[in-house]
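Student: Data file input06.pdb (PDB, C-alpha atoms, pLDDT in the B column) is appended below.
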```pdb
ATOM      1  CA  MET A  64       0.000   0.000   0.000  1.00 89.00           C
ATOM      2  CA  ASP A  65       1.226   3.514  -0.713  1.00 92.00           C
ATOM      3  CA  SER A  66       1.622   5.872   2.261  1.00 94.00           C
ATOM      4  CA  ASP A  67      -1.560   7.848   1.530  1.00 94.00           C
ATOM      5  CA  LEU A  68      -3.745   4.737   1.569  1.00 95.00           C
ATOM      6  CA  ALA A  69      -1.833   3.221   4.511  1.00 96.00           C
ATOM      7  CA  ASP A  70      -2.461   6.416   6.539  1.00 96.00           C
ATOM      8  CA  ALA A  71      -6.186   6.293   5.703  1.00 96.00           C
ATOM      9  CA  VAL A  72      -6.407   2.634   6.787  1.00 97.00           C
ATOM     10  CA  GLU A  73      -4.439   3.305   9.978  1.00 97.00           C
ATOM     11  CA  GLY A  74      -6.739   6.235  10.830  1.00 96.00           C
ATOM     12  CA  LEU A  75      -9.787   3.985  10.473  1.00 96.00           C
ATOM     13  CA  LYS A  76      -8.239   1.279  12.672  1.00 96.00           C
ATOM     14  CA  GLU A  77      -7.340   3.848  15.338  1.00 96.00           C
ATOM     15  CA  VAL A  78     -10.854   5.255  15.575  1.00 95.00           C
ATOM     16  CA  PHE A  79     -12.287   1.751  16.041  1.00 95.00           C
ATOM     17  CA  GLN A  80      -9.807   1.265  18.911  1.00 95.00           C
ATOM     18  CA  LYS A  81     -10.672   4.645  20.486  1.00 94.00           C
ATOM     19  CA  ARG A  82     -14.367   3.836  20.376  1.00 92.00           C
ATOM     20  CA  LYS A  83     -13.762   0.283  21.606  1.00 92.00           C
ATOM     21  CA  LEU A  84     -15.624  -1.164  18.646  1.00 92.00           C
ATOM     22  CA  GLU A  85     -14.635  -4.482  17.135  1.00 94.00           C
ATOM     23  CA  CYS A  86     -13.158  -4.595  13.665  1.00 95.00           C
ATOM     24  CA  THR A  87     -11.013  -7.154  11.875  1.00 97.00           C
ATOM     25  CA  PHE A  88      -8.665  -6.457   8.997  1.00 97.00           C
ATOM     26  CA  GLY A  89      -6.681  -9.315   7.462  1.00 96.00           C
ATOM     27  CA  LYS A  90      -4.296  -9.975   4.619  1.00 95.00           C
ATOM     28  CA  GLY A  91      -6.030 -10.698   1.341  1.00 92.00           C
ATOM     29  CA  ASP A  92      -5.181 -13.721  -0.762  1.00 94.00           C
ATOM     30  CA  LYS A  93      -3.099 -12.455  -3.707  1.00 95.00           C
ATOM     31  CA  ALA A  94      -4.540 -15.026  -6.127  1.00 96.00           C
ATOM     32  CA  LEU A  95      -8.100 -14.022  -5.160  1.00 96.00           C
ATOM     33  CA  VAL A  96      -7.283 -10.323  -5.567  1.00 95.00           C
ATOM     34  CA  GLU A  97      -5.749 -11.052  -8.977  1.00 95.00           C
ATOM     35  CA  ASP A  98      -9.009 -12.817  -9.957  1.00 95.00           C
ATOM     36  CA  LEU A  99     -10.912  -9.736  -8.768  1.00 94.00           C
ATOM     37  CA  ARG A 100      -8.696  -7.572 -10.969  1.00 93.00           C
ATOM     38  CA  LYS A 101      -9.717  -9.661 -13.966  1.00 93.00           C
ATOM     39  CA  GLN A 102     -13.410 -10.032 -13.104  1.00 93.00           C
ATOM     40  CA  LEU A 103     -14.151  -6.582 -11.667  1.00 93.00           C
ATOM     41  CA  ARG A 104     -11.296  -4.487 -13.136  1.00 92.00           C
ATOM     42  CA  LEU A 105     -10.217  -3.334  -9.669  1.00 93.00           C
ATOM     43  CA  PRO A 106      -7.638  -0.510  -9.915  1.00 93.00           C
ATOM     44  CA  SER A 107      -4.190  -0.998  -8.364  1.00 94.00           C
ATOM     45  CA  ARG A 108      -4.761   1.022  -5.161  1.00 95.00           C
ATOM     46  CA  ILE A 109      -7.943  -0.912  -4.375  1.00 95.00           C
ATOM     47  CA  ARG A 110      -6.133  -4.209  -4.958  1.00 96.00           C
ATOM     48  CA  ALA A 111      -3.360  -3.046  -2.610  1.00 96.00           C
ATOM     49  CA  PHE A 112      -6.010  -2.309   0.033  1.00 97.00           C
ATOM     50  CA  TYR A 113      -7.486  -5.804  -0.198  1.00 97.00           C
ATOM     51  CA  ILE A 114      -4.046  -7.446  -0.076  1.00 97.00           C
ATOM     52  CA  GLY A 115      -2.809  -5.344   2.868  1.00 97.00           C
ATOM     53  CA  ALA A 116      -6.001  -4.671   4.861  1.00 97.00           C
ATOM     54  CA  ASP A 117      -8.840  -6.969   3.773  1.00 97.00           C
ATOM     55  CA  PRO A 118     -11.905  -5.736   5.784  1.00 97.00           C
ATOM     56  CA  LEU A 119     -12.975  -9.109   7.185  1.00 97.00           C
ATOM     57  CA  LYS A 120     -15.326  -7.538   9.743  1.00 97.00           C
ATOM     58  CA  VAL A 121     -15.513  -3.758   9.410  1.00 97.00           C
ATOM     59  CA  GLU A 122     -18.676  -1.743  10.002  1.00 96.00           C
ATOM     60  CA  THR A 123     -18.553   1.939  10.897  1.00 94.00           C
ATOM     61  CA  VAL A 124     -21.117   3.260  13.378  1.00 90.00           C
ATOM     62  CA  THR A 125     -22.480   6.822  13.438  1.00 88.00           C
ATOM     63  CA  PRO A 126     -25.867   8.317  14.401  1.00 83.00           C
ATOM     64  CA  VAL A 127     -26.935   8.541  10.755  1.00 85.00           C
ATOM     65  CA  GLU A 128     -25.215   5.667   8.956  1.00 88.00           C
ATOM     66  CA  ARG A 129     -23.514   2.298   9.334  1.00 92.00           C
ATOM     67  CA  VAL A 130     -21.183   1.378   6.502  1.00 96.00           C
ATOM     68  CA  ARG A 131     -20.105  -2.252   6.201  1.00 97.00           C
ATOM     69  CA  LEU A 132     -17.107  -2.815   3.939  1.00 97.00           C
ATOM     70  CA  PHE A 133     -17.138  -6.135   2.078  1.00 97.00           C
ATOM     71  CA  PRO A 134     -14.116  -8.420   2.358  1.00 97.00           C
ATOM     72  CA  ALA A 135     -12.432  -9.570  -0.851  1.00 97.00           C
ATOM     73  CA  ALA A 136     -14.068 -13.010  -0.615  1.00 96.00           C
ATOM     74  CA  GLU A 137     -17.562 -11.426  -0.785  1.00 95.00           C
ATOM     75  CA  LEU A 138     -17.002  -8.937  -3.611  1.00 95.00           C
ATOM     76  CA  VAL A 139     -18.146 -11.073  -6.544  1.00 92.00           C
ATOM     77  CA  LYS A 140     -21.297 -12.218  -4.733  1.00 92.00           C
ATOM     78  CA  ALA A 141     -21.984  -8.626  -3.586  1.00 91.00           C
ATOM     79  CA  GLN A 142     -22.214  -7.455  -7.189  1.00 89.00           C
ATOM     80  CA  THR A 143     -25.288  -9.607  -7.793  1.00 82.00           C
ATOM     81  CA  VAL A 144     -26.885  -9.422  -4.340  1.00 72.00           C
ATOM     82  CA  ILE A 145     -26.795  -5.634  -3.986  1.00 68.00           C
ATOM     83  CA  THR A 146     -27.863  -4.911  -7.529  1.00 62.00           C
ATOM     84  CA  SER A 147     -30.633  -7.533  -7.782  1.00 64.00           C
ATOM     85  CA  PRO A 148     -34.132  -6.149  -7.253  1.00 59.00           C
ATOM     86  CA  PRO A 149     -36.357  -7.518  -4.486  1.00 58.00           C
ATOM     87  CA  GLU A 150     -38.784 -10.213  -5.588  1.00 64.00           C
ATOM     88  CA  GLY A 151     -41.569  -8.760  -7.708  1.00 58.00           C
ATOM     89  CA  ALA A 152     -39.725  -5.486  -8.361  1.00 57.00           C
ATOM     90  CA  THR A 153     -38.781  -4.316 -11.834  1.00 58.00           C
ATOM     91  CA  PRO A 154     -35.049  -4.779 -12.423  1.00 56.00           C
ATOM     92  CA  SER A 155     -33.008  -1.627 -12.947  1.00 60.00           C
ATOM     93  CA  LEU A 156     -31.135  -1.867 -16.230  1.00 62.00           C
ATOM     94  CA  ASP A 157     -28.906   1.168 -15.767  1.00 77.00           C
ATOM     95  CA  TRP A 158     -26.251  -0.348 -13.456  1.00 83.00           C
ATOM     96  CA  LYS A 159     -22.960   0.398 -15.205  1.00 88.00           C
ATOM     97  CA  ALA A 160     -20.378  -2.306 -15.920  1.00 85.00           C
ATOM     98  CA  GLY A 161     -17.601  -0.261 -14.249  1.00 91.00           C
ATOM     99  CA  TRP A 162     -19.459   0.077 -10.934  1.00 94.00           C
ATOM    100  CA  VAL A 163     -18.054  -2.272  -8.294  1.00 95.00           C
ATOM    101  CA  VAL A 164     -19.877  -2.646  -4.984  1.00 95.00           C
ATOM    102  CA  ILE A 165     -17.418  -2.536  -2.053  1.00 97.00           C
ATOM    103  CA  GLY A 166     -19.814  -2.016   0.849  1.00 96.00           C
ATOM    104  CA  GLU A 167     -23.331  -1.257   1.929  1.00 95.00           C
ATOM    105  CA  SER A 168     -25.362   0.776   4.353  1.00 93.00           C
ATOM    106  CA  SER A 169     -26.354  -1.682   7.077  1.00 90.00           C
ATOM    107  CA  LEU A 170     -29.225   0.637   7.959  1.00 86.00           C
ATOM    108  CA  LEU A 171     -30.683   1.208   4.498  1.00 86.00           C
ATOM    109  CA  GLY A 172     -29.214  -1.512   2.283  1.00 87.00           C
ATOM    110  CA  ASP A 173     -27.846   1.078  -0.157  1.00 92.00           C
ATOM    111  CA  PRO A 174     -24.629   0.096  -1.961  1.00 94.00           C
ATOM    112  CA  TYR A 175     -21.324   1.963  -1.809  1.00 96.00           C
ATOM    113  CA  PHE A 176     -19.472   1.373  -5.062  1.00 96.00           C
ATOM    114  CA  LEU A 177     -16.357   2.320  -7.005  1.00 96.00           C
ATOM    115  CA  ASP A 178     -16.563   3.828 -10.464  1.00 96.00           C
ATOM    116  CA  THR A 179     -13.651   1.950 -12.037  1.00 94.00           C
ATOM    117  CA  GLY A 180     -14.262   3.788 -15.314  1.00 91.00           C
ATOM    118  CA  LYS A 181     -12.764   6.924 -13.717  1.00 86.00           C
ATOM    119  CA  PRO A 182      -9.348   5.833 -12.376  1.00 87.00           C
ATOM    120  CA  ASP A 183      -6.897   8.491 -11.223  1.00 90.00           C
ATOM    121  CA  PRO A 184      -3.090   8.447 -11.690  1.00 89.00           C
ATOM    122  CA  GLU A 185      -2.635   6.729  -8.283  1.00 88.00           C
ATOM    123  CA  GLY A 186      -4.788   3.779  -9.353  1.00 90.00           C
ATOM    124  CA  ASP A 187      -7.696   4.938  -7.210  1.00 94.00           C
ATOM    125  CA  CYS A 188     -11.242   5.879  -8.241  1.00 96.00           C
ATOM    126  CA  PRO A 189     -14.301   7.691  -6.876  1.00 97.00           C
ATOM    127  CA  VAL A 190     -16.799   6.085  -4.509  1.00 97.00           C
ATOM    128  CA  TYR A 191     -20.540   6.587  -4.983  1.00 97.00           C
ATOM    129  CA  THR A 192     -23.716   5.507  -3.278  1.00 96.00           C
ATOM    130  CA  ALA A 193     -27.270   5.226  -4.565  1.00 93.00           C
ATOM    131  CA  ILE A 194     -30.684   4.514  -3.091  1.00 89.00           C
ATOM    132  CA  SER A 195     -31.583   0.857  -3.544  1.00 84.00           C
ATOM    133  CA  GLY A 196     -35.042  -0.351  -4.498  1.00 76.00           C
ATOM    134  CA  GLN A 197     -35.619   2.396  -7.064  1.00 76.00           C
ATOM    135  CA  THR A 198     -36.358   1.874 -10.747  1.00 76.00           C
ATOM    136  CA  ARG A 199     -33.134   3.723 -11.648  1.00 82.00           C
ATOM    137  CA  TRP A 200     -29.726   3.954  -9.982  1.00 87.00           C
ATOM    138  CA  VAL A 201     -28.950   7.619  -9.318  1.00 90.00           C
ATOM    139  CA  PRO A 202     -25.354   7.793  -8.053  1.00 94.00           C
ATOM    140  CA  THR A 203     -24.297  10.372  -5.470  1.00 96.00           C
ATOM    141  CA  LEU A 204     -20.594  11.032  -4.883  1.00 97.00           C
ATOM    142  CA  ALA A 205     -19.505   9.744  -1.457  1.00 97.00           C
ATOM    143  CA  ALA A 206     -15.781  10.450  -1.972  1.00 97.00           C
ATOM    144  CA  SER A 207     -13.477  11.485  -4.810  1.00 97.00           C
ATOM    145  CA  SER A 208     -11.225   8.492  -4.110  1.00 96.00           C
ATOM    146  CA  PHE A 209     -11.272   5.323  -2.033  1.00 97.00           C
ATOM    147  CA  ALA A 210      -8.573   6.709   0.295  1.00 96.00           C
ATOM    148  CA  GLN A 211     -10.711   9.809   0.920  1.00 97.00           C
ATOM    149  CA  PHE A 212     -13.731   7.561   1.516  1.00 97.00           C
ATOM    150  CA  LEU A 213     -11.826   5.802   4.324  1.00 97.00           C
ATOM    151  CA  ARG A 214     -10.848   9.207   5.779  1.00 97.00           C
ATOM    152  CA  ILE A 215     -14.474  10.395   5.737  1.00 97.00           C
ATOM    153  CA  LEU A 216     -15.590   7.179   7.466  1.00 96.00           C
ATOM    154  CA  SER A 217     -12.889   7.690  10.146  1.00 96.00           C
ATOM    155  CA  THR A 218     -13.860  11.316  10.679  1.00 95.00           C
ATOM    156  CA  ALA A 219     -17.550  10.459  10.963  1.00 94.00           C
ATOM    157  CA  MET A 220     -16.708   7.791  13.551  1.00 93.00           C
ATOM    158  CA  GLU A 221     -14.609  10.286  15.547  1.00 93.00           C
ATOM    159  CA  ILE A 222     -17.418  12.856  15.588  1.00 91.00           C
ATOM    160  CA  ALA A 223     -19.945  10.143  16.498  1.00 88.00           C
ATOM    161  CA  ALA A 224     -17.960   9.352  19.658  1.00 85.00           C
ATOM    162  CA  GLY A 225     -19.170  12.661  21.111  1.00 74.00           C
ATOM    163  CA  PHE A 226     -22.812  11.686  20.655  1.00 70.00           C
ATOM    164  CA  GLY A 227     -22.830   8.642  22.936  1.00 60.00           C
ATOM    165  CA  ASP A 228     -24.778   5.444  22.328  1.00 56.00           C
ATOM    166  CA  GLY A 229     -28.277   6.614  23.222  1.00 51.00           C
ATOM    167  CA  ILE A 230     -31.213   6.786  20.850  1.00 53.00           C
ATOM    168  CA  MET A 231     -30.857   9.707  18.462  1.00 57.00           C
ATOM    169  CA  ASP A 232     -33.663  12.081  17.669  1.00 62.00           C
ATOM    170  CA  ASP A 233     -33.850  14.265  14.555  1.00 65.00           C
ATOM    171  CA  GLU A 234     -32.131  17.155  16.339  1.00 72.00           C
ATOM    172  CA  ASP A 235     -29.169  14.944  17.279  1.00 72.00           C
ATOM    173  CA  GLU A 236     -28.891  13.692  13.710  1.00 81.00           C
ATOM    174  CA  ASP A 237     -28.970  17.260  12.363  1.00 83.00           C
ATOM    175  CA  SER A 238     -26.335  18.288  14.893  1.00 86.00           C
ATOM    176  CA  PHE A 239     -24.124  15.360  13.866  1.00 88.00           C
ATOM    177  CA  ARG A 240     -24.408  16.265  10.168  1.00 88.00           C
ATOM    178  CA  GLU A 241     -23.625  19.928  10.963  1.00 90.00           C
ATOM    179  CA  SER A 242     -20.482  18.807  12.825  1.00 90.00           C
ATOM    180  CA  LEU A 243     -19.435  16.471  10.024  1.00 92.00           C
ATOM    181  CA  GLY A 244     -19.907  18.919   7.130  1.00 92.00           C
ATOM    182  CA  PRO A 245     -16.896  21.198   7.774  1.00 93.00           C
ATOM    183  CA  LYS A 246     -14.627  18.179   8.301  1.00 94.00           C
ATOM    184  CA  VAL A 247     -15.738  16.549   5.024  1.00 94.00           C
ATOM    185  CA  LYS A 248     -15.116  19.885   3.263  1.00 94.00           C
ATOM    186  CA  VAL A 249     -11.457  19.764   4.354  1.00 94.00           C
ATOM    187  CA  ILE A 250     -11.052  16.120   3.289  1.00 95.00           C
ATOM    188  CA  ASP A 251     -13.017  16.203   0.032  1.00 95.00           C
ATOM    189  CA  SER A 252     -14.985  19.324  -0.918  1.00 95.00           C
ATOM    190  CA  PRO A 253     -16.632  17.714  -4.012  1.00 95.00           C
ATOM    191  CA  ALA A 254     -18.047  14.997  -1.709  1.00 95.00           C
ATOM    192  CA  LEU A 255     -19.447  17.664   0.602  1.00 94.00           C
ATOM    193  CA  ARG A 256     -21.075  19.473  -2.327  1.00 95.00           C
ATOM    194  CA  ALA A 257     -22.684  16.209  -3.475  1.00 95.00           C
ATOM    195  CA  GLY A 258     -24.621  16.220  -0.196  1.00 92.00           C
ATOM    196  CA  HIS A 259     -24.528  12.548   0.813  1.00 92.00           C
ATOM    197  CA  TRP A 260     -22.868  13.155   4.183  1.00 91.00           C
ATOM    198  CA  THR A 261     -24.888  16.235   5.127  1.00 84.00           C
TER     199      THR A 261
END
```
As structure tokens, how would this structure be written, given the file I've shared?

Tutor:
Amino acid sequence: MDSDLADAVEGLKEVFQKRKLECTFGKGDKALVEDLRKQLRLPSRIRAFYIGADPLKVETVTPVERVRLFPAAELVKAQTVITSPPEGATPSLDWKAGWVVIGESSLLGDPYFLDTGKPDPEGDCPVYTAISGQTRWVPTLAASSFAQFLRILSTAMEIAAGFGDGIMDDEDEDSFRESLGPKVKVIDSPALRAGHWT
């Protein structure tokens, strides 16, 4: 992993420790990750993440969202499960071939996915989310790169620590989003403008 990605991963691990929440990162199987490169066209930085810090059991917890990252072994299955419509629903035909699901909202079931059709020079790509169960997938930018996505998740977890574990009302959720907004702006202003986190 390059230093930028390694720092983002380390920051996420540290915030789980601070909040005394369980998480398990492992080392990904290189042959499996190579298969994922072929099947899903995973860019180099994402492959490095799965080899160096495979998210075996990683779910972030904030007042407004829980993001579960899929381990490498679940990625192929996740592509069909997340994008398949519920029984009786009309299938959405606009899922793009370059979109690769890497996680989901545990609260809402919405996918978080890479757009591998827009790689950057570091071998990274933007992360989007979209509301599941709709007739069309309407992507919203969650982060301009995967490394920035991990930083936003870490920052949201840090801010959430100040809100305790009690039941949140709408005012608490609004207050959390107001606290998160300025931090996301520093990390990734295009992601803030897209509005997913606020």

Student: For the file shown, what are the residues hit by the PyMOL selection byres ((chain A and resi 154-171) around 7), laid out as a list of chain:residue names?

Tutor: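 With the PyMOL selection byres ((chain A and resi 154-171) around 7) on this model, the match is A:Leu103, A:Glu128, A:Arg129, A:Val130, A:Arg131, A:Leu132, A:Phe133, A:Leu138, A:Ala141, A:Gln142, A:Ser147, A:Pro148, A:Ala152, A:Thr153, A:Gly172, A:Asp173, A:Pro174, A:Tyr175, A:Phe176, A:Leu177, A:Asp178, A:Thr179, A:Gly180, A:Thr198, A:Arg199, A:Trp200.
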
Student: Set the distance at 9 Å and use all atoms listed in the file: which residues neighbour Phe239 (chain A) once local chain neighbours fewer than 5 positions away are removed? I'd like the list as a list in words.

Tutor: Thr125, Pro126, Val127, Ala219, Ile222, Ala223, Phe226, Glu234, Gly244 and Thr261 of chain A

Student: In Å, rounded to a single decimal, give me how far CA of Leu213 (chain A) is from CA of Leu84 (chain A).

Tutor: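 Taking CA of Leu84 (chain A) and CA of Leu213 (chain A), their separation equals 16.4 Å.
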
Student: Counting only C-alpha atoms, which residues in region 176-200 of chain A sit no more than 12 Å from region 64-79 of chain A? For each one, give the nearest pair of atoms and the distance in Å, sorted by chain then residue number, as a Markdown table.

Tutor:
```
| residue | atom | partner | partner_atom | distance |
| --- | --- | --- | --- | --- |
| A:Glu185 | CA | A:Asp65 | CA | 9.1 |
| A:Gly186 | CA | A:Asp65 | CA | 10.5 |
| A:Asp187 | CA | A:Leu68 | CA | 9.6 |
```

Student: Please indicate the distance in Å from CA of Lys120 (chain A) to CA of Leu204 (chain A), rounded to one decimal place.

Tutor: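 Separating CA of Lys120 (chain A) from CA of Leu204 (chain A) is a distance of 24.2 Å.
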
Student: For CA of Ser208 (chain A) and CA of Pro184 (chain A), determine how far apart the two atoms are, in Å to one decimal place.

Tutor: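 So the answer is 11.1 Å.
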